[in-house]
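This is coords.cif. It holds mmCIF, C-alpha atoms.
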```
data_input
loop_
_atom_site.label_atom_id
_atom_site.label_comp_id
_atom_site.auth_asym_id
_atom_site.auth_seq_id
_atom_site.Cartn_x
_atom_site.Cartn_y
_atom_site.Cartn_z
CA MET A 1 0.00 0.00 0.00
CA SER A 2 1.32 3.44 -0.89
CA ALA A 3 0.89 6.71 0.97
CA ARG A 4 -1.94 7.73 -1.35
CA ASN A 5 -5.38 7.89 0.28
CA ILE A 6 -7.26 4.84 -1.01
CA ALA A 7 -10.51 6.28 0.36
CA ARG A 8 -10.20 8.95 -2.36
CA PHE A 9 -9.18 6.53 -5.10
CA TRP A 10 -11.32 8.34 -7.71
CA GLU A 11 -8.91 11.29 -7.61
CA TRP A 12 -5.91 9.26 -8.79
CA GLY A 13 -7.00 5.75 -9.78
CA ARG A 14 -6.20 5.06 -13.43
CA LYS A 15 -8.98 2.82 -14.71
CA ILE A 16 -12.48 1.50 -14.26
CA ILE A 17 -13.01 -2.07 -15.45
CA CYS A 18 -16.64 -3.04 -15.87
CA VAL A 19 -18.21 -6.48 -16.07
CA GLY A 20 -21.30 -6.77 -18.26
CA ARG A 21 -24.08 -9.35 -17.99
CA ASN A 22 -22.91 -10.74 -14.64
CA TYR A 23 -26.49 -11.35 -13.42
CA ALA A 24 -28.46 -13.86 -15.48
CA ASP A 25 -31.80 -12.06 -14.98
CA HIS A 26 -30.32 -8.82 -16.29
CA ALA A 27 -28.78 -10.54 -19.32
CA MET A 28 -32.18 -12.06 -20.09
CA GLU A 29 -34.13 -8.81 -19.64
CA LEU A 30 -31.96 -7.28 -22.39
CA LYS A 31 -32.31 -10.44 -24.49
CA ASN A 32 -28.60 -11.21 -24.23
CA ALA A 33 -27.11 -14.67 -23.92
CA ILE A 34 -25.87 -15.66 -20.46
CA PRO A 35 -22.07 -15.42 -20.79
CA SER A 36 -19.71 -18.35 -20.29
CA GLU A 37 -16.85 -15.96 -19.46
CA PRO A 38 -16.86 -12.36 -18.21
CA VAL A 39 -17.79 -9.57 -20.63
CA LEU A 40 -15.40 -6.65 -20.00
CA PHE A 41 -15.43 -2.99 -21.00
CA LEU A 42 -13.70 0.13 -19.69
CA LYS A 43 -14.66 3.56 -18.44
CA PRO A 44 -12.10 6.38 -18.06
CA PRO A 45 -11.55 8.08 -14.67
CA SER A 46 -13.32 11.16 -16.11
CA ALA A 47 -16.54 9.10 -15.82
CA TYR A 48 -16.51 9.47 -12.01
CA VAL A 49 -19.08 11.75 -10.41
CA ARG A 50 -19.72 12.22 -6.70
CA GLU A 51 -22.83 13.07 -4.70
CA GLY A 52 -23.66 16.76 -4.95
CA SER A 53 -22.93 16.86 -8.67
CA PRO A 54 -25.47 15.76 -11.29
CA ILE A 55 -25.49 12.90 -13.76
CA LEU A 56 -25.42 14.68 -17.11
CA LEU A 57 -27.49 13.33 -19.98
CA PRO A 58 -25.31 12.95 -23.09
CA PHE A 59 -26.69 15.02 -25.97
CA TYR A 60 -26.74 11.97 -28.28
CA THR A 61 -29.02 9.67 -26.27
CA SER A 62 -32.76 9.59 -25.66
CA ASN A 63 -32.68 6.42 -23.52
CA LEU A 64 -30.28 6.71 -20.57
CA HIS A 65 -30.47 3.72 -18.21
CA HIS A 66 -29.39 3.23 -14.59
CA GLU A 67 -27.49 0.11 -13.50
CA VAL A 68 -26.69 -0.21 -9.77
CA GLU A 69 -23.55 -2.19 -9.00
CA LEU A 70 -21.08 -3.15 -6.28
CA GLY A 71 -17.69 -1.65 -7.04
CA VAL A 72 -14.46 -3.31 -5.83
CA VAL A 73 -11.55 -0.99 -5.07
CA ILE A 74 -8.12 -2.51 -5.64
CA GLY A 75 -5.62 -1.79 -2.87
CA LYS A 76 -2.67 -3.94 -3.99
CA ALA A 77 -1.43 -4.25 -7.55
CA GLY A 78 -1.02 -7.58 -9.29
CA THR A 79 -0.94 -9.58 -12.50
CA ALA A 80 -2.41 -13.08 -12.87
CA ILE A 81 -3.68 -12.94 -9.27
CA PRO A 82 -4.80 -16.40 -8.06
CA GLN A 83 -8.41 -16.71 -6.89
CA SER A 84 -7.12 -18.04 -3.58
CA SER A 85 -5.42 -14.71 -2.74
CA ALA A 86 -7.61 -12.36 -4.79
CA MET A 87 -9.36 -10.80 -1.79
CA ASP A 88 -5.96 -9.77 -0.36
CA HIS A 89 -5.82 -7.26 -3.23
CA VAL A 90 -9.14 -5.62 -2.26
CA ALA A 91 -9.01 -2.42 -0.19
CA GLY A 92 -12.75 -1.84 0.00
CA TYR A 93 -15.91 -1.19 -1.93
CA VAL A 94 -18.19 1.51 -3.31
CA LEU A 95 -21.74 1.58 -4.52
CA CYS A 96 -21.72 2.54 -8.20
CA LEU A 97 -24.06 3.34 -11.04
CA ASP A 98 -23.10 2.27 -14.53
CA MET A 99 -25.06 4.84 -16.54
CA THR A 100 -25.69 3.52 -20.03
CA ALA A 101 -26.96 5.17 -23.20
CA ARG A 102 -29.03 2.12 -24.10
CA ASP A 103 -30.15 3.28 -27.54
CA VAL A 104 -26.53 3.98 -28.48
CA GLN A 105 -25.39 0.64 -27.05
CA ASP A 106 -28.06 -1.21 -29.04
CA GLU A 107 -26.95 0.55 -32.22
CA CYS A 108 -23.28 -0.24 -31.52
CA LYS A 109 -24.13 -3.90 -30.87
CA SER A 110 -26.12 -4.16 -34.11
CA LYS A 111 -23.14 -2.80 -36.06
CA GLY A 112 -20.52 -4.84 -34.17
CA LEU A 113 -18.95 -1.64 -32.78
CA PRO A 114 -17.48 -0.98 -29.31
CA TRP A 115 -19.73 0.35 -26.55
CA THR A 116 -17.57 3.38 -25.70
CA LEU A 117 -20.13 6.08 -26.56
CA ALA A 118 -22.77 4.24 -24.54
CA LYS A 119 -20.69 3.65 -21.44
CA ALA A 120 -17.70 5.98 -21.09
CA PHE A 121 -19.10 9.53 -21.20
CA ASN A 122 -18.53 12.10 -18.45
CA THR A 123 -20.58 11.34 -15.28
CA SER A 124 -21.32 7.77 -16.43
CA CYS A 125 -19.90 6.34 -13.17
CA PRO A 126 -21.56 7.86 -10.08
CA ILE A 127 -20.00 6.48 -6.89
CA SER A 128 -20.64 6.52 -3.15
CA ASP A 129 -18.17 7.14 -0.37
CA PHE A 130 -15.49 4.49 0.06
CA ILE A 131 -16.55 1.50 2.18
CA PRO A 132 -13.65 -0.14 4.08
CA LYS A 133 -13.28 -3.85 3.43
CA GLU A 134 -14.16 -4.85 7.00
CA LYS A 135 -17.61 -3.23 6.67
CA ILE A 136 -18.57 -5.89 4.09
CA PRO A 137 -17.21 -9.22 5.35
CA ASP A 138 -19.07 -11.18 2.64
CA PRO A 139 -19.32 -9.16 -0.60
CA GLY A 140 -20.79 -12.25 -2.25
CA SER A 141 -24.05 -11.84 -0.31
CA ILE A 142 -25.20 -8.24 0.01
CA ASN A 143 -28.34 -6.48 -1.20
CA LEU A 144 -28.26 -3.67 -3.76
CA TRP A 145 -31.27 -1.51 -4.57
CA LEU A 146 -32.13 1.53 -6.63
CA LYS A 147 -35.16 3.86 -6.71
CA VAL A 148 -36.12 6.41 -9.34
CA ASN A 149 -38.26 9.19 -7.85
CA ASP A 150 -38.96 6.94 -4.82
CA ILE A 151 -40.12 4.00 -6.94
CA VAL A 152 -38.04 0.82 -6.52
CA LYS A 153 -36.61 -0.29 -9.86
CA GLN A 154 -33.75 -2.62 -8.92
CA ASN A 155 -33.42 -4.92 -5.92
CA GLY A 156 -30.91 -7.76 -6.08
CA ASN A 157 -28.26 -9.63 -4.18
CA THR A 158 -24.63 -10.17 -5.15
CA SER A 159 -25.17 -13.90 -4.55
CA GLN A 160 -26.91 -13.81 -7.96
CA MET A 161 -23.66 -12.90 -9.74
CA ILE A 162 -22.54 -15.44 -12.34
CA PHE A 163 -18.84 -14.76 -11.71
CA SER A 164 -17.63 -14.15 -8.14
CA ILE A 165 -15.32 -11.33 -7.11
CA PRO A 166 -12.26 -13.63 -6.70
CA TYR A 167 -12.97 -15.14 -10.13
CA LEU A 168 -13.24 -11.67 -11.70
CA ILE A 169 -10.01 -10.45 -10.09
CA ASN A 170 -8.19 -13.53 -11.37
CA TYR A 171 -9.73 -13.31 -14.86
CA ILE A 172 -9.16 -9.58 -15.31
CA SER A 173 -5.62 -9.57 -13.92
CA GLU A 174 -4.60 -12.32 -16.36
CA ILE A 175 -5.38 -9.84 -19.16
CA ILE A 176 -5.11 -6.37 -17.62
CA SER A 177 -2.74 -5.84 -14.70
CA LEU A 178 -4.61 -4.40 -11.73
CA GLU A 179 -3.17 -1.32 -10.05
CA GLU A 180 -3.82 0.34 -6.74
CA GLY A 181 -6.84 2.62 -7.05
CA ASP A 182 -8.45 0.68 -9.91
CA LEU A 183 -12.19 0.04 -9.66
CA ILE A 184 -14.00 -3.09 -10.83
CA LEU A 185 -17.75 -2.77 -11.46
CA THR A 186 -19.22 -6.23 -10.90
CA GLY A 187 -22.47 -6.08 -12.89
CA THR A 188 -26.08 -5.13 -12.24
CA PRO A 189 -29.21 -7.05 -11.22
CA LYS A 190 -32.39 -6.90 -13.30
CA GLY A 191 -34.71 -3.89 -13.36
CA VAL A 192 -32.75 -1.35 -15.40
CA SER A 193 -34.90 1.43 -16.83
CA SER A 194 -34.76 4.80 -18.50
CA VAL A 195 -34.23 8.04 -16.60
CA GLN A 196 -35.14 11.59 -17.59
CA GLU A 197 -33.91 15.07 -16.85
CA GLN A 198 -34.71 16.09 -13.23
CA ASP A 199 -35.22 12.48 -12.07
CA GLU A 200 -33.79 11.63 -8.65
CA LEU A 201 -31.91 8.36 -8.28
CA GLN A 202 -31.38 6.90 -4.82
CA ALA A 203 -29.37 3.71 -4.37
CA GLY A 204 -28.30 1.69 -1.35
CA ILE A 205 -26.29 -1.28 -0.19
CA ASP A 206 -27.81 -3.23 2.72
CA ASP A 207 -27.93 -0.88 5.71
CA ILE A 208 -24.38 0.33 5.05
CA LEU A 209 -25.05 3.46 3.00
CA THR A 210 -27.29 5.21 0.51
CA MET A 211 -26.50 7.78 -2.16
CA THR A 212 -28.61 10.20 -4.18
CA PHE A 213 -28.03 11.74 -7.61
CA LYS A 214 -30.08 14.06 -9.80
CA VAL A 215 -30.17 13.73 -13.58
CA ASP A 216 -29.56 16.96 -15.48
CA ARG A 217 -28.90 18.08 -19.02
CA LYS A 218 -25.58 19.65 -19.91
CA SER A 219 -26.13 23.38 -20.28
#
```
Written as structure tokens, how would this file's structure read?
Amino acid sequence: MSARNIARFWEWGRKIICVGRNYADHAMELKNAIPSEPVLFLKPPSAYVREGSPILLPFYTSNLHHEVELGVVIGKAGTAIPQSSAMDHVAGYVLCLDMTARDVQDECKSKGLPWTLAKAFNTSCPISDFIPKEKIPDPGSINLWLKVNDIVKQNGNTSQMIFSIPYLINYISEIISLEEGDLILTGTPKGVSSVQEQDELQAGIDDILTMTFKVDRKS
């Protein structure tokens, strides 16, 4: 561990690695096949947004979706990390939203193009405060929920994940070396839906924390 403040990883962490379709019910609701190995994509650090600042609707989408996820903050770098020691590389967690321009993603998929425009725009990764590792002794069995304007849209448990956190750390680090301050988004449960300008999104993780974001349009 370096002298950098891991609890403020978003200020200096270098990458966000996202796992798509890691809950079978979510894969099915979007009519995607259930994957036999993790589906990975990236967001840049400029995607981070913190409570108090809005989620900005990209000008090129008319169907922005919320996806609530558990984020895993890497505290110790490694390459080809074994599953047996993977959790030693975890510093803590955050609650995250993977904001997705679904119409753009669908168009990219139909053309065989990358999802970058749909996933990597500014404010596409809202995050909570850092949660120290000891606050979540079993990240494989915690509840995640999300409300839009006080209406529950997503409510799932990380036990529903197809690929566990140790498996993901091993799989990703075989391909992309993990560095201190990196964030892994572990996938979203079913219930994703469209949000509009001025909507309020509230998300929570068990009784550990909640976070609230407003949706706005870039002026």
Env of Arg14 in chain A: 10 Å cut, atoms = all atoms listed in the file, seq-sep filter 3 positions within chain, self excluded. Answer as a compact mmCIF listing (two decimals) with C-alpha atoms, in the coordinates of the input.
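The new file selection-v2.txt reads:
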```
# COMPACT_ATOMS: atom_id res chain seq x y z
CA PHE A 9 -9.18 6.53 -5.10
CA TRP A 10 -11.32 8.34 -7.71
CA GLU A 11 -8.91 11.29 -7.61
CA LYS A 43 -14.66 3.56 -18.44
CA PRO A 44 -12.10 6.38 -18.06
CA PRO A 45 -11.55 8.08 -14.67
CA SER A 46 -13.32 11.16 -16.11
CA LEU A 178 -4.61 -4.40 -11.73
CA GLU A 179 -3.17 -1.32 -10.05
CA GLU A 180 -3.82 0.34 -6.74
CA GLY A 181 -6.84 2.62 -7.05
CA ASP A 182 -8.45 0.68 -9.91
CA LEU A 183 -12.19 0.04 -9.66
```
Give me the residues near Ile81 in chain A as a CSV table (one decimal) with C-alpha atoms, keeping the file's coordinate frame, where near means some atom within 12 Å (using only C-alpha atoms) and where sequence neighbours in that chain fewer than 2 positions away do not count.
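Writing done, so here's around12.csv:
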```
chain,number,residue,atom,x,y,z
A,74,ILE,CA,-8.1,-2.5,-5.6
A,76,LYS,CA,-2.7,-3.9,-4.0
A,77,ALA,CA,-1.4,-4.2,-7.6
A,78,GLY,CA,-1.0,-7.6,-9.3
A,79,THR,CA,-0.9,-9.6,-12.5
A,83,GLN,CA,-8.4,-16.7,-6.9
A,84,SER,CA,-7.1,-18.0,-3.6
A,85,SER,CA,-5.4,-14.7,-2.7
A,86,ALA,CA,-7.6,-12.4,-4.8
A,87,MET,CA,-9.4,-10.8,-1.8
A,88,ASP,CA,-6.0,-9.8,-0.4
A,89,HIS,CA,-5.8,-7.3,-3.2
A,90,VAL,CA,-9.1,-5.6,-2.3
A,165,ILE,CA,-15.3,-11.3,-7.1
A,166,PRO,CA,-12.3,-13.6,-6.7
A,167,TYR,CA,-13.0,-15.1,-10.1
A,168,LEU,CA,-13.2,-11.7,-11.7
A,169,ILE,CA,-10.0,-10.4,-10.1
A,170,ASN,CA,-8.2,-13.5,-11.4
A,171,TYR,CA,-9.7,-13.3,-14.9
A,172,ILE,CA,-9.2,-9.6,-15.3
A,173,SER,CA,-5.6,-9.6,-13.9
A,174,GLU,CA,-4.6,-12.3,-16.4
A,175,ILE,CA,-5.4,-9.8,-19.2
A,176,ILE,CA,-5.1,-6.4,-17.6
A,177,SER,CA,-2.7,-5.8,-14.7
A,178,LEU,CA,-4.6,-4.4,-11.7
A,179,GLU,CA,-3.2,-1.3,-10.0
```
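Checking A:Ala91, A:Ile127, A:Ile208, A:Leu70 one by one against Asn5 in chain A, counting all atoms listed in the file, you find the shortest gap at A:Ala91.
When all atoms listed in the file are used to measure the gap to Ala101 in chain A, the shortest distance among A:Gln160, A:Ser141, A:Thr123, A:Ser36 belongs to A:Thr123.
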For CA of Phe130 in chain A and CA of Lys153 in chain A, the interatomic separation in Å (one decimal):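 Pair CA of Phe130 in chain A / CA of Lys153 in chain A returns 23.8 Å.
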Lys218 in chain A environment, 12 Å, all atoms listed in the file, sequence neighbours closer than 5 positions dropped, as a PyMOL selection string: chain A and resi 53-60+122-123+197-198
Given the selection you just returned, output its residues as a file containing C-alpha atoms, formatted as a short mmCIF file (atom, residue, chain, number, x, y, z; two decimals), in the frame of the given file.
```cif
data_model
loop_
_atom_site.label_atom_id
_atom_site.label_comp_id
_atom_site.auth_asym_id
_atom_site.auth_seq_id
_atom_site.Cartn_x
_atom_site.Cartn_y
_atom_site.Cartn_z
CA SER A 53 -22.93 16.86 -8.67
CA PRO A 54 -25.47 15.76 -11.29
CA ILE A 55 -25.49 12.90 -13.76
CA LEU A 56 -25.42 14.68 -17.11
CA LEU A 57 -27.49 13.33 -19.98
CA PRO A 58 -25.31 12.95 -23.09
CA PHE A 59 -26.69 15.02 -25.97
CA TYR A 60 -26.74 11.97 -28.28
CA ASN A 122 -18.53 12.10 -18.45
CA THR A 123 -20.58 11.34 -15.28
CA GLU A 197 -33.91 15.07 -16.85
CA GLN A 198 -34.71 16.09 -13.23
#
```
One-decimal distance in Å that lies between CA of Ala120 in chain A and CA of Met99 in chain A: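 Between CA of Met99 in chain A and CA of Ala120 in chain A the gap works out to 8.7 Å.
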What are the closest atom pairs, with distances in Å to one decimal, for each residue of range 8-104 of chain A lying within 10 Å of range 184-189 of chain A, using all atoms listed in the file, rows by chain and rising residue number, as JSON lines?
```
{"residue": "A:Lys15", "atom": "CA", "partner": "A:Ile184", "partner_atom": "CA", "distance": 8.7}
{"residue": "A:Ile16", "atom": "CA", "partner": "A:Ile184", "partner_atom": "CA", "distance": 5.9}
{"residue": "A:Ile17", "atom": "CA", "partner": "A:Ile184", "partner_atom": "CA", "distance": 4.8}
{"residue": "A:Cys18", "atom": "CA", "partner": "A:Leu185", "partner_atom": "CA", "distance": 4.6}
{"residue": "A:Val19", "atom": "CA", "partner": "A:Thr186", "partner_atom": "CA", "distance": 5.3}
{"residue": "A:Gly20", "atom": "CA", "partner": "A:Gly187", "partner_atom": "CA", "distance": 5.5}
{"residue": "A:Arg21", "atom": "CA", "partner": "A:Gly187", "partner_atom": "CA", "distance": 6.3}
{"residue": "A:Asn22", "atom": "CA", "partner": "A:Gly187", "partner_atom": "CA", "distance": 5.0}
{"residue": "A:Tyr23", "atom": "CA", "partner": "A:Pro189", "partner_atom": "CA", "distance": 5.5}
{"residue": "A:Ala24", "atom": "CA", "partner": "A:Pro189", "partner_atom": "CA", "distance": 8.1}
{"residue": "A:Asp25", "atom": "CA", "partner": "A:Pro189", "partner_atom": "CA", "distance": 6.8}
{"residue": "A:His26", "atom": "CA", "partner": "A:Pro189", "partner_atom": "CA", "distance": 5.5}
{"residue": "A:Ala27", "atom": "CA", "partner": "A:Pro189", "partner_atom": "CA", "distance": 8.8}
{"residue": "A:Glu29", "atom": "CA", "partner": "A:Pro189", "partner_atom": "CA", "distance": 9.9}
{"residue": "A:Pro38", "atom": "CA", "partner": "A:Thr186", "partner_atom": "CA", "distance": 9.8}
{"residue": "A:Val39", "atom": "CA", "partner": "A:Gly187", "partner_atom": "CA", "distance": 9.7}
{"residue": "A:Leu40", "atom": "CA", "partner": "A:Leu185", "partner_atom": "CA", "distance": 9.7}
{"residue": "A:Phe41", "atom": "CA", "partner": "A:Leu185", "partner_atom": "CA", "distance": 9.8}
{"residue": "A:Leu42", "atom": "CA", "partner": "A:Ile184", "partner_atom": "CA", "distance": 9.4}
{"residue": "A:Lys43", "atom": "CA", "partner": "A:Leu185", "partner_atom": "CA", "distance": 9.9}
{"residue": "A:His66", "atom": "CA", "partner": "A:Thr188", "partner_atom": "CA", "distance": 9.3}
{"residue": "A:Glu67", "atom": "CA", "partner": "A:Thr188", "partner_atom": "CA", "distance": 5.6}
{"residue": "A:Val68", "atom": "CA", "partner": "A:Thr188", "partner_atom": "CA", "distance": 5.5}
{"residue": "A:Glu69", "atom": "CA", "partner": "A:Thr188", "partner_atom": "CA", "distance": 5.1}
{"residue": "A:Leu70", "atom": "CA", "partner": "A:Thr186", "partner_atom": "CA", "distance": 5.9}
{"residue": "A:Gly71", "atom": "CA", "partner": "A:Leu185", "partner_atom": "CA", "distance": 4.6}
{"residue": "A:Val72", "atom": "CA", "partner": "A:Ile184", "partner_atom": "CA", "distance": 5.0}
{"residue": "A:Val73", "atom": "CA", "partner": "A:Ile184", "partner_atom": "CA", "distance": 6.6}
{"residue": "A:Ile74", "atom": "CA", "partner": "A:Ile184", "partner_atom": "CA", "distance": 7.9}
{"residue": "A:Tyr93", "atom": "CA", "partner": "A:Ile184", "partner_atom": "CA", "distance": 9.3}
{"residue": "A:Val94", "atom": "CA", "partner": "A:Leu185", "partner_atom": "CA", "distance": 9.2}
{"residue": "A:Leu95", "atom": "CA", "partner": "A:Leu185", "partner_atom": "CA", "distance": 9.1}
{"residue": "A:Cys96", "atom": "CA", "partner": "A:Leu185", "partner_atom": "CA", "distance": 7.4}
{"residue": "A:Leu97", "atom": "CA", "partner": "A:Thr188", "partner_atom": "CA", "distance": 8.8}
{"residue": "A:Asp98", "atom": "CA", "partner": "A:Leu185", "partner_atom": "CA", "distance": 8.0}
```
Result set, the PyMOL selection byres ((chain A and resi 206) around 7) on current file, as an NGL selection string: :A and (142-144 or 204-205 or 207-208)
Long-range neighbours of Asp150 in chain A as number ranges by chain, 12 Å cut-off, only C-alpha atoms, 3 positions minimum in chain: A: 145-147, 153-154, 199-203, 212
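For the pair CA of Asp106 in chain A and CA of Val215 in chain A, the interatomic distance is 21.6 Å.
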Top pick for closest residue to Gly92 in chain A, considering A:Gly13, A:Pro139, A:Pro114, A:Gly191 and counting all atoms listed in the file: A:Pro139
Name every residue that the PyMOL selection byres ((chain A and resi 64) around 8) selects in this structure, writing the answer as a tab-separated table (two decimals) with C-alpha atoms, in the coordinates of the input with chains first and numbers rising.
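The result, written out as result_27.tsv:
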```
chain	number	residue	atom	x	y	z
A	57	LEU	CA	-27.49	13.33	-19.98
A	61	THR	CA	-29.02	9.67	-26.27
A	62	SER	CA	-32.76	9.59	-25.66
A	63	ASN	CA	-32.68	6.42	-23.52
A	65	HIS	CA	-30.47	3.72	-18.21
A	66	HIS	CA	-29.39	3.23	-14.59
A	99	MET	CA	-25.06	4.84	-16.54
A	100	THR	CA	-25.69	3.52	-20.03
A	101	ALA	CA	-26.96	5.17	-23.20
A	102	ARG	CA	-29.03	2.12	-24.10
A	103	ASP	CA	-30.15	3.28	-27.54
A	193	SER	CA	-34.90	1.43	-16.83
A	194	SER	CA	-34.76	4.80	-18.50
A	195	VAL	CA	-34.23	8.04	-16.60
A	196	GLN	CA	-35.14	11.59	-17.59
```
Polymer residues at most 9 Å from Glu51 in chain A, only C-alpha atoms, same-chain spacing of 4 or more positions, as number ranges by chain: A: 126-129, 211-214
